[in-house]
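J.: A single structure is presented below for examination.
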Amino acid sequence: MQILLILAVVAAAGLVLFSLARGLIYFAQGHRAAMDGTAHENQVLQNKMMMARVKWQAITIILLIIIGVTAGAG
């Protein structure tokens, strides 16, 4: 059962890295557009809010996987 918990944590970490990388790419694109003067302030704010949402989604995925595996073991 410990192996499943380790695999779950590794899988969750992979999902976190993927989500954060995707959010950072979108955030960088919005920041670049803002520096070039091609984006409105609203777009920059939306990118910041999306990055925060992606971070919390990643944390939620990790917690749900760990809780699920722990509950299944008990």
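Naming scheme: A, B, ... for chains in displayed order of the structure tokens; residues 1 onward per chain; ligands 1 onward as shown.
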Near Gly72 in chain A, counting only C-alpha atoms, which residues have an atom at most 12 Å away, once you skip same-chain residues fewer than 6 positions from it, shown as a list in words?

T.: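 Contacts, in chain order: Met1, Gln2, Leu4, Leu5, Leu64, Ile65 and Ile66 of chain A.
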
J.: May I ask for the distance between CA of Leu45 in chain A and CA of Phe18 in chain A, given in Å to one decimal place?

T.: 21.9 Å

J.: What is the CA of Ile67 in chain A to CA of Ala8 in chain A distance in Å?

T.: 10.2 Å

J.: Find, counting only C-alpha atoms, the residue in A:Phe27, A:Leu63, A:Ala33, A:Ile6 that gets nearest to Gln46 in chain A.

T.: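 Looking at the shortest contact to Gln46 in chain A, the residue is A:Phe27.
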
J.: If you count only C-alpha atoms, which residues fall within 9 Å of range 54-60 of chain A, apart from same-chain ones fewer than 3 positions away, as JSON, numbers by chain?

T.: {"A": [12, 13, 15, 16, 17, 19, 20, 22, 23, 49, 50, 51, 63, 64, 65]}

J.: Take the selection from the previous step and output its residues with N, CA, C and O atoms, as a compact mmCIF listing (two decimals), in the first residue's frame.

T.:
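Once everything was written out, this is selection.txt:
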# COMPACT_ATOMS: atom_id res chain seq x y z
N ALA A 12 0.62 13.04 -8.59
CA ALA A 12 0.11 14.35 -8.22
C ALA A 12 1.16 15.43 -8.45
O ALA A 12 0.85 16.53 -8.94
N ALA A 13 2.41 15.12 -8.15
CA ALA A 13 3.48 16.09 -8.39
C ALA A 13 3.63 16.37 -9.88
O ALA A 13 3.85 17.51 -10.28
N LEU A 15 1.19 16.23 -12.07
CA LEU A 15 0.06 17.08 -12.43
C LEU A 15 0.29 18.52 -11.98
O LEU A 15 -0.06 19.47 -12.68
N VAL A 16 0.89 18.67 -10.81
CA VAL A 16 1.18 20.02 -10.31
C VAL A 16 2.17 20.72 -11.24
O VAL A 16 1.96 21.87 -11.62
N LEU A 17 3.24 20.02 -11.60
CA LEU A 17 4.23 20.63 -12.47
C LEU A 17 3.64 21.00 -13.83
O LEU A 17 3.92 22.07 -14.38
N SER A 19 0.43 21.69 -14.49
CA SER A 19 -0.49 22.80 -14.30
C SER A 19 0.26 24.11 -14.08
O SER A 19 -0.11 25.15 -14.64
N LEU A 20 1.29 24.07 -13.27
CA LEU A 20 2.06 25.29 -13.02
C LEU A 20 2.80 25.77 -14.26
O LEU A 20 2.85 26.97 -14.53
N ARG A 22 1.88 25.28 -17.37
CA ARG A 22 0.87 25.85 -18.26
C ARG A 22 0.46 27.24 -17.79
O ARG A 22 0.37 28.17 -18.58
N GLY A 23 0.24 27.39 -16.50
CA GLY A 23 -0.14 28.69 -15.97
C GLY A 23 0.96 29.73 -16.15
O GLY A 23 0.68 30.88 -16.47
N MET A 49 -5.18 36.13 -12.02
CA MET A 49 -6.22 35.34 -11.35
C MET A 49 -6.18 33.90 -11.82
O MET A 49 -6.36 32.97 -11.03
N MET A 50 -5.93 33.66 -13.11
CA MET A 50 -5.86 32.30 -13.63
C MET A 50 -4.68 31.55 -13.01
O MET A 50 -4.79 30.38 -12.66
N MET A 51 -3.54 32.24 -12.84
CA MET A 51 -2.38 31.59 -12.25
C MET A 51 -2.67 31.17 -10.81
O MET A 51 -2.30 30.08 -10.39
N LEU A 63 -4.06 16.90 -2.58
CA LEU A 63 -4.75 16.53 -1.35
C LEU A 63 -5.79 15.44 -1.57
O LEU A 63 -5.91 14.51 -0.78
N LEU A 64 -6.56 15.54 -2.65
CA LEU A 64 -7.58 14.54 -2.92
C LEU A 64 -6.97 13.17 -3.18
O LEU A 64 -7.48 12.15 -2.71
N ILE A 65 -5.87 13.13 -3.90
CA ILE A 65 -5.21 11.84 -4.17
C ILE A 65 -4.67 11.25 -2.88
O ILE A 65 -4.85 10.05 -2.61

J.: What is the CA of Ala28 in chain A-CA of Gly14 in chain A distance in Å, reported with one decimal?

T.: 20.9 Å

J.: Which of these residues is nearest to Ile25 in chain A, using only C-alpha atoms: A:Lys48, A:Leu7, A:Thr70, A:Ile61?

T.: A:Lys48
